[in-house]
>>> print(open('final28.csv').read())   # CSV, C-alpha atoms
chain,number,residue,atom,x,y,z
F,1454,MET,CA,26.5,22.6,18.6
F,1455,SER,CA,27.7,24.0,21.9
F,1456,ALA,CA,27.4,22.1,25.2
F,1457,LEU,CA,24.7,24.6,26.3
F,1458,SER,CA,22.8,24.1,23.0
F,1459,SER,CA,23.0,20.3,23.4
F,1460,ALA,CA,21.7,20.5,26.9
F,1461,ALA,CA,18.8,22.8,25.8
F,1462,ALA,CA,17.9,20.4,23.0
F,1463,LEU,CA,17.9,17.4,25.3
F,1464,ALA,CA,15.8,19.2,27.9
F,1465,ALA,CA,13.3,20.1,25.1
F,1466,GLU,CA,13.1,16.5,24.0
F,1467,ILE,CA,12.5,15.2,27.5
F,1468,THR,CA,9.5,17.6,27.9
F,1469,THR,CA,8.1,16.6,24.6
F,1470,PRO,CA,5.6,13.7,24.7
F,1471,LEU,CA,6.6,10.4,23.3
F,1472,VAL,CA,4.8,9.5,20.1
F,1473,LEU,CA,3.3,6.0,19.5
F,1474,ALA,CA,2.5,5.3,15.8
F,1475,LEU,CA,-0.5,3.1,15.1
F,1476,PRO,CA,-1.4,1.6,11.7
F,1477,LYS,CA,-4.6,2.5,10.0
F,1478,GLY,CA,-6.8,-0.2,8.6
F,1479,ARG,CA,-7.6,-3.7,9.8
F,1480,ILE,CA,-5.1,-3.8,12.6
F,1481,LEU,CA,-6.3,-0.6,14.2
F,1482,ALA,CA,-9.4,-2.2,15.8
F,1483,GLU,CA,-7.2,-5.0,17.3
F,1484,CYS,CA,-5.0,-2.3,18.8
F,1485,GLY,CA,-7.9,-1.1,21.0
F,1486,PRO,CA,-8.0,-3.9,23.5
F,1487,LEU,CA,-4.3,-4.1,23.7
F,1488,LEU,CA,-3.9,-0.4,24.4
F,1489,GLU,CA,-6.6,-0.7,27.1
F,1490,ALA,CA,-4.8,-3.6,28.7
F,1491,ALA,CA,-1.6,-1.6,28.7
F,1492,GLY,CA,-3.4,1.3,30.4
F,1493,ILE,CA,-3.2,3.6,27.4
F,1494,ARG,CA,-6.5,5.4,26.5
F,1495,PRO,CA,-6.2,7.7,23.5
F,1496,ALA,CA,-8.9,10.2,22.6
F,1497,PRO,CA,-12.2,8.4,21.7
F,1498,ASP,CA,-11.9,9.2,17.9
F,1499,CYS,CA,-8.4,7.6,17.6
F,1500,LEU,CA,-9.8,4.2,16.8
F,1501,ASP,CA,-12.6,5.6,14.5
F,1502,GLU,CA,-11.5,5.1,10.9
F,1503,ASP,CA,-13.8,7.9,9.9
F,1504,SER,CA,-12.0,10.5,12.0
F,1505,ARG,CA,-9.9,12.9,9.9
F,1506,ARG,CA,-7.5,13.6,12.8
F,1507,LEU,CA,-4.1,12.0,12.7
F,1508,ARG,CA,-2.6,12.9,16.1
F,1509,PHE,CA,-4.4,12.2,19.4
F,1510,GLU,CA,-3.7,12.9,23.1
F,1511,THR,CA,-3.9,10.0,25.6
F,1512,ASN,CA,-4.6,9.7,29.3
F,1513,HIS,CA,-0.8,10.1,29.8
F,1514,PRO,CA,0.3,13.7,29.4
F,1515,MET,CA,3.7,12.5,28.0
F,1516,LEU,CA,2.3,10.2,25.4
F,1517,ASP,CA,0.6,11.0,22.1
F,1518,VAL,CA,-0.7,8.7,19.4
F,1519,VAL,CA,-0.5,9.2,15.7
F,1520,ARG,CA,-2.3,7.2,13.1
F,1521,VAL,CA,-0.5,6.5,9.8
F,1522,ARG,CA,-0.5,4.0,6.9
F,1523,PRO,CA,0.8,0.5,8.0
F,1524,PHE,CA,3.8,0.8,5.7
F,1525,ASP,CA,4.6,4.2,7.1
F,1526,VAL,CA,4.8,3.2,10.8
F,1527,ALA,CA,8.3,1.8,10.4
F,1528,THR,CA,9.4,4.9,8.6
F,1529,PHE,CA,8.1,7.2,11.3
F,1530,VAL,CA,9.9,5.2,14.0
F,1531,ALA,CA,13.1,4.7,12.1
F,1532,PHE,CA,13.5,8.4,11.5
F,1533,GLY,CA,12.5,9.4,15.0
F,1534,ALA,CA,9.2,11.1,14.2
F,1535,ALA,CA,7.6,8.6,16.5
F,1536,GLN,CA,9.6,6.9,19.2
F,1537,VAL,CA,7.4,3.7,19.4
F,1538,GLY,CA,5.0,2.0,17.0
F,1539,ILE,CA,2.9,-1.0,16.3
F,1540,CYS,CA,4.0,-2.5,13.0
F,1541,GLY,CA,3.5,-5.7,11.0
F,1542,ALA,CA,6.4,-8.1,10.7
F,1543,ASP,CA,5.9,-8.0,7.0
F,1544,VAL,CA,6.9,-4.3,6.9
F,1545,LEU,CA,10.0,-4.9,9.1
F,1546,MET,CA,11.0,-7.7,6.7
F,1547,GLU,CA,10.6,-5.5,3.7
F,1548,PHE,CA,12.4,-2.4,4.9
F,1549,ASP,CA,14.9,-3.9,7.5
F,1550,TYR,CA,15.6,-0.6,9.1
F,1551,PRO,CA,18.7,-0.9,11.4
F,1552,GLU,CA,17.3,2.0,13.5
F,1553,ILE,CA,14.4,-0.1,14.7
F,1554,TYR,CA,14.4,-2.5,17.7
F,1555,ALA,CA,11.4,-4.9,17.9
F,1556,PRO,CA,11.2,-6.2,21.5
F,1557,LEU,CA,7.7,-7.7,21.5
F,1558,ASP,CA,5.5,-9.8,19.4
F,1559,LEU,CA,2.0,-8.4,20.2
F,1560,ARG,CA,0.1,-11.4,18.8
F,1561,ILE,CA,-2.4,-9.3,16.8
F,1562,GLY,CA,-2.9,-8.8,13.1
F,1563,GLY,CA,-2.1,-12.5,12.3
F,1564,CYS,CA,-1.7,-13.1,8.5
F,1565,ARG,CA,0.9,-14.3,6.1
F,1566,VAL,CA,3.0,-13.2,3.1
F,1567,SER,CA,2.3,-15.8,0.4
F,1568,ILE,CA,2.8,-16.6,-3.3
F,1569,ALA,CA,-0.3,-17.1,-5.4
F,1570,GLU,CA,-1.1,-17.8,-9.0
F,1571,PRO,CA,-4.2,-18.6,-11.1
F,1572,ILE,CA,-6.0,-21.7,-10.0
F,1573,ASP,CA,-6.0,-23.2,-13.5
F,1574,GLN,CA,-2.3,-22.6,-13.8
F,1575,ALA,CA,-1.4,-23.9,-10.3
F,1576,ALA,CA,-2.6,-27.5,-11.0
F,1577,GLY,CA,0.1,-28.2,-13.6
F,1578,ASP,CA,2.8,-25.9,-12.4
F,1579,ASP,CA,6.1,-27.1,-10.8
F,1580,PRO,CA,7.9,-24.4,-8.9
F,1581,ALA,CA,11.0,-26.5,-8.8
F,1582,ARG,CA,11.4,-25.9,-12.6
F,1583,TRP,CA,11.2,-22.1,-12.4
F,1584,SER,CA,14.3,-20.2,-13.5
F,1585,GLN,CA,12.7,-16.8,-14.1
F,1586,VAL,CA,9.3,-15.4,-13.1
F,1587,ARG,CA,7.5,-12.1,-13.2
F,1588,VAL,CA,6.0,-11.2,-9.8
F,1589,ALA,CA,3.5,-8.5,-8.9
F,1590,THR,CA,3.9,-7.3,-5.3
F,1591,LYS,CA,4.1,-4.5,-2.9
F,1592,TYR,CA,7.0,-6.4,-1.2
F,1593,PRO,CA,9.8,-6.2,-3.8
F,1594,ASN,CA,12.6,-6.9,-1.3
F,1595,ILE,CA,10.9,-9.9,0.3
F,1596,ALA,CA,10.0,-11.4,-3.1
F,1597,ARG,CA,13.4,-10.8,-4.6
F,1598,ARG,CA,15.2,-12.4,-1.6
F,1599,HIS,CA,12.8,-15.3,-1.5
F,1600,PHE,CA,13.2,-16.3,-5.1
F,1601,ALA,CA,17.0,-15.5,-5.2
F,1602,ALA,CA,17.5,-18.0,-2.3
F,1603,ARG,CA,16.0,-20.6,-4.7
F,1604,GLY,CA,18.1,-19.6,-7.7
F,1605,VAL,CA,15.1,-18.0,-9.4
F,1606,HIS,CA,15.4,-14.6,-11.0
F,1607,ALA,CA,12.3,-12.5,-10.1
F,1608,ASP,CA,11.3,-9.7,-12.4
F,1609,ILE,CA,9.4,-7.5,-10.0
F,1610,VAL,CA,6.3,-5.5,-10.9
F,1611,HIS,CA,5.9,-3.1,-8.0
F,1612,LEU,CA,2.2,-2.5,-7.2
F,1613,ASN,CA,0.6,-0.8,-4.2
F,1614,GLY,CA,-2.7,-2.7,-4.5
F,1615,ALA,CA,-5.0,-4.8,-6.6
F,1616,MET,CA,-2.3,-7.5,-7.0
F,1617,GLU,CA,-5.0,-10.1,-7.7
F,1618,LEU,CA,-5.7,-8.5,-11.1
F,1619,ALA,CA,-2.1,-8.8,-12.3
F,1620,PRO,CA,-2.1,-12.5,-13.5
F,1621,GLY,CA,-5.5,-12.3,-15.3
F,1622,LEU,CA,-4.4,-9.2,-17.2
F,1623,GLY,CA,-1.0,-10.6,-18.2
F,1624,LEU,CA,0.9,-8.2,-16.0
F,1625,ALA,CA,2.6,-10.9,-14.0
F,1626,ARG,CA,2.6,-14.7,-13.6
F,1627,LEU,CA,2.6,-14.7,-9.8
F,1628,ILE,CA,1.8,-12.4,-7.0
F,1629,VAL,CA,3.3,-12.1,-3.5
F,1630,ASP,CA,0.9,-10.5,-1.2
F,1631,LEU,CA,-0.4,-10.4,2.4
F,1632,VAL,CA,-3.1,-13.1,2.9
F,1633,GLN,CA,-5.5,-13.2,5.8
F,1634,THR,CA,-8.3,-15.6,5.0
F,1635,GLY,CA,-7.6,-16.3,1.4
F,1636,SER,CA,-11.1,-15.3,0.4
F,1637,THR,CA,-9.9,-12.4,-1.9
F,1638,LEU,CA,-7.6,-14.8,-3.7
F,1639,LYS,CA,-10.4,-17.3,-4.3
F,1640,ALA,CA,-12.8,-14.6,-5.4
F,1641,ASN,CA,-10.3,-13.6,-8.1
F,1642,GLY,CA,-9.4,-17.1,-9.3
F,1643,LEU,CA,-6.1,-17.4,-7.5
F,1644,ALA,CA,-4.6,-20.2,-5.4
F,1645,GLU,CA,-2.2,-19.8,-2.6
F,1646,MET,CA,0.9,-21.7,-3.6
F,1647,GLU,CA,3.3,-21.1,-0.7
F,1648,VAL,CA,3.7,-19.2,2.5
F,1649,ILE,CA,6.8,-17.1,2.6
F,1650,ALA,CA,6.4,-15.9,6.2
F,1651,ASP,CA,3.8,-15.9,8.9
F,1652,VAL,CA,3.1,-12.4,10.2
F,1653,THR,CA,2.0,-10.7,13.4
F,1654,SER,CA,2.3,-7.2,14.6
F,1655,ARG,CA,5.3,-6.1,16.7
F,1656,LEU,CA,6.0,-3.3,19.1
F,1657,ILE,CA,8.9,-1.4,17.6
F,1658,VAL,CA,11.2,1.2,19.1
F,1659,ASN,CA,13.6,3.8,17.8
F,1660,ARG,CA,17.0,2.8,19.0
F,1661,THR,CA,18.1,6.4,19.6
F,1662,ALA,CA,15.1,7.1,21.7
F,1663,LEU,CA,15.8,4.0,23.7
F,1664,LYS,CA,19.2,5.6,24.6
F,1665,THR,CA,18.1,9.2,25.1
F,1666,ARG,CA,14.9,8.6,26.9
F,1667,PRO,CA,15.5,5.1,28.4
F,1668,GLU,CA,13.2,5.3,31.4
F,1669,GLU,CA,10.1,6.5,29.5
F,1670,VAL,CA,10.6,4.1,26.6
F,1671,ALA,CA,11.4,1.2,28.9
F,1672,ALA,CA,8.3,1.9,30.9
F,1673,LEU,CA,6.1,1.9,27.8
F,1674,ILE,CA,7.6,-1.4,26.7
F,1675,GLN,CA,6.9,-2.8,30.1
F,1676,ARG,CA,3.2,-1.7,29.9
F,1677,PHE,CA,2.8,-3.8,26.7
F,1678,ARG,CA,4.7,-6.7,28.2
F,1679,GLN,CA,2.5,-6.8,31.2
F,1680,ALA,CA,-0.6,-6.5,29.0
F,1681,LEU,CA,0.5,-9.5,26.9
F,1682,ALA,CA,1.3,-11.6,30.1
F,1683,ALA,CA,-2.2,-10.9,31.5
F,1684,ALA,CA,-4.2,-11.8,28.5
F,1685,PRO,CA,-4.4,-14.4,25.7
F,1686,ALA,CA,-3.8,-13.4,22.1
F,1687,THR,CA,-6.2,-10.5,21.3
F,1688,GLY,CA,-6.6,-11.0,17.5
F,1689,ALA,CA,-4.2,-13.3,15.8
F,1690,ARG,CA,-5.8,-14.8,12.7
F,1691,GLY,CA,-4.9,-17.5,10.2
>>> encode(input="final28.csv", output="structure tokens")
Amino acid sequence: MSALSSAAALAAEITTPLVLALPKGRILAECGPLLEAAGIRPAPDCLDEDSRRLRFETNHPMLDVVRVRPFDVATFVAFGAAQVGICGADVLMEFDYPEIYAPLDLRIGGCRVSIAEPIDQAAGDDPARWSQVRVATKYPNIARRHFAARGVHADIVHLNGAMELAPGLGLARLIVDLVQTGSTLKANGLAEMEVIADVTSRLIVNRTALKTRPEEVAALIQRFRQALAAAPATGARG
């Protein structure tokens, strides 16, 4: 690419709005007060789960918001489709993208990644005696690393949902899943055995964007930092 072409590409990038990726689902509602405190007001239907739109303008002409699946926020930011995002620490642990910088713990979306098994099995089980287990999870990397650190070989069954069904149907002995209150586990006859990691949502930034658009990205980070400093946790849960 010629110097002229490079300059034109950079100019086009600078005149393109930054994109902030938000996660659909349970964390989306918790993002609302945080965005408001940061002085960011997206179009009214942005926080409406029934809205079919995925991209929204905000009160800042150079900032748009997109709404994607929680697991996809990190991918959008890592590959530069969005420059900034709000993402659960569980997703960052699972994918470990080197392209992502996570400067702020936003103190929302509190939950945990845990190991669970059937209640009747848990009473007489001794995890210290495990040498090999079959685990159903949407977090294969987290699960594999956790069990490997204990010298346990984990045979991973990768599921995207309905993990709680796996033990009862003989698909896996254990599950590793995201737990918020534990009520879904109990309703399906499972007991939480161990917490692998506590999770909150983080502000994440594309490292390249931080270098190519430093003032804009730094200003956005500062907005969130000031919002956190001015208010208590907006939605962390146990």
>>> atom_distance(input="final28.csv", atom1="atom CA of Val1586 of chain F", atom2="atom CA of Val1632 of chain F")
20.4 Å
>>> residues_around(input="final28.csv", residues="segment 1476-1486 of chain F", least_positions_apart="3", cutoff="12 Å", atoms="all atoms listed in the file", output="MDAnalysis selection string")
chainID F and resid 1473 1489:1507 1518:1529 1537:1541 1544 1559:1564 1633 1653:1656 1677 1680:1681 1684:1690
>>> closest_atom_pairs(input="final28.csv", of="segment 1491-1605 of chain F", to="segment 1609-1618 of chain F", cutoff="9 Å", atoms="only C-alpha atoms", output="Markdown table")
| residue | atom | partner | partner_atom | distance |
| --- | --- | --- | --- | --- |
| F:Ala1569 | CA | F:Glu1617 | CA | 8.7 |
| F:Glu1570 | CA | F:Glu1617 | CA | 8.7 |
| F:Val1586 | CA | F:Ile1609 | CA | 8.5 |
| F:Arg1587 | CA | F:Ile1609 | CA | 5.9 |
| F:Val1588 | CA | F:Ile1609 | CA | 5.0 |
| F:Ala1589 | CA | F:Val1610 | CA | 4.6 |
| F:Thr1590 | CA | F:His1611 | CA | 5.4 |
| F:Lys1591 | CA | F:Leu1612 | CA | 5.1 |
| F:Tyr1592 | CA | F:His1611 | CA | 7.6 |
| F:Pro1593 | CA | F:Ile1609 | CA | 6.3 |
| F:Ala1596 | CA | F:Ile1609 | CA | 7.9 |
| F:Arg1597 | CA | F:Ile1609 | CA | 7.5 |
>>> atom_distance(input="final28.csv", atom1="atom CA of Ile1628 of chain F", atom2="atom CA of Phe1548 of chain F")
18.8 Å
>>> closest_residue(input="final28.csv", among="F:Asp1608, F:Glu1645, F:Asp1651, F:Glu1552", to="Gln1585 of chain F", atoms="all atoms listed in the file")
F:Asp1608
>>> closest_atom_pairs(input="final28.csv", of="segment 1588-1650 of chain F", to="segment 1571-1576 of chain F", cutoff="8 Å", atoms="only C-alpha atoms", output="Markdown table")
| residue | atom | partner | partner_atom | distance |
| --- | --- | --- | --- | --- |
| F:Pro1620 | CA | F:Pro1571 | CA | 6.9 |
| F:Gly1621 | CA | F:Pro1571 | CA | 7.7 |
| F:Leu1627 | CA | F:Pro1571 | CA | 7.9 |
| F:Gly1642 | CA | F:Pro1571 | CA | 5.7 |
| F:Leu1643 | CA | F:Pro1571 | CA | 4.2 |
| F:Ala1644 | CA | F:Ile1572 | CA | 5.0 |
| F:Met1646 | CA | F:Ala1575 | CA | 7.4 |
>>> closest_residue(input="final28.csv", among="F:Glu1647, F:Val1472, F:Phe1509, F:Pro1556", to="Ala1671 of chain F", atoms="all atoms listed in the file")
F:Pro1556
>>> residues_around(input="final28.csv", residues="segment 1581-1584 of chain F", least_positions_apart="4", cutoff="12 Å", atoms="only C-alpha atoms", output="number ranges by chain")
F: 1577, 1600-1608, 1626-1627
>>> axis_aligned_box(input="final28.csv", around="segment 1615-1634 of chain F", padding_each_side="4 Å", output="lines of an AutoDock Vina configuration file")
center_x = -2.5
center_y = -10.2
center_z = -6.2
size_x = 19.6
size_y = 18.8
size_z = 32.0
>>> atom_distance(input="final28.csv", atom1="atom CA of Leu1557 of chain F", atom2="atom CA of Val1658 of chain F")
9.9 Å
>>> closest_residue(input="final28.csv", among="F:Arg1676, F:Ala1619, F:Thr1511, F:Val1629", to="Ala1650 of chain F", atoms="all atoms listed in the file")
F:Val1629
>>> closest_residue(input="final28.csv", among="F:Tyr1554, F:Asp1549, F:Met1515, F:Asp1543", to="Ala1662 of chain F", atoms="all atoms listed in the file")
F:Tyr1554
>>> closest_residue(input="final28.csv", among="F:Leu1622, F:Val1566, F:Ile1595, F:Leu1471", to="Val1530 of chain F", atoms="only C-alpha atoms")
F:Leu1471
>>> closest_residue(input="final28.csv", among="F:Asn1512, F:Thr1469, F:Gln1536, F:Ser1636", to="Lys1664 of chain F", atoms="only C-alpha atoms")
F:Gln1536
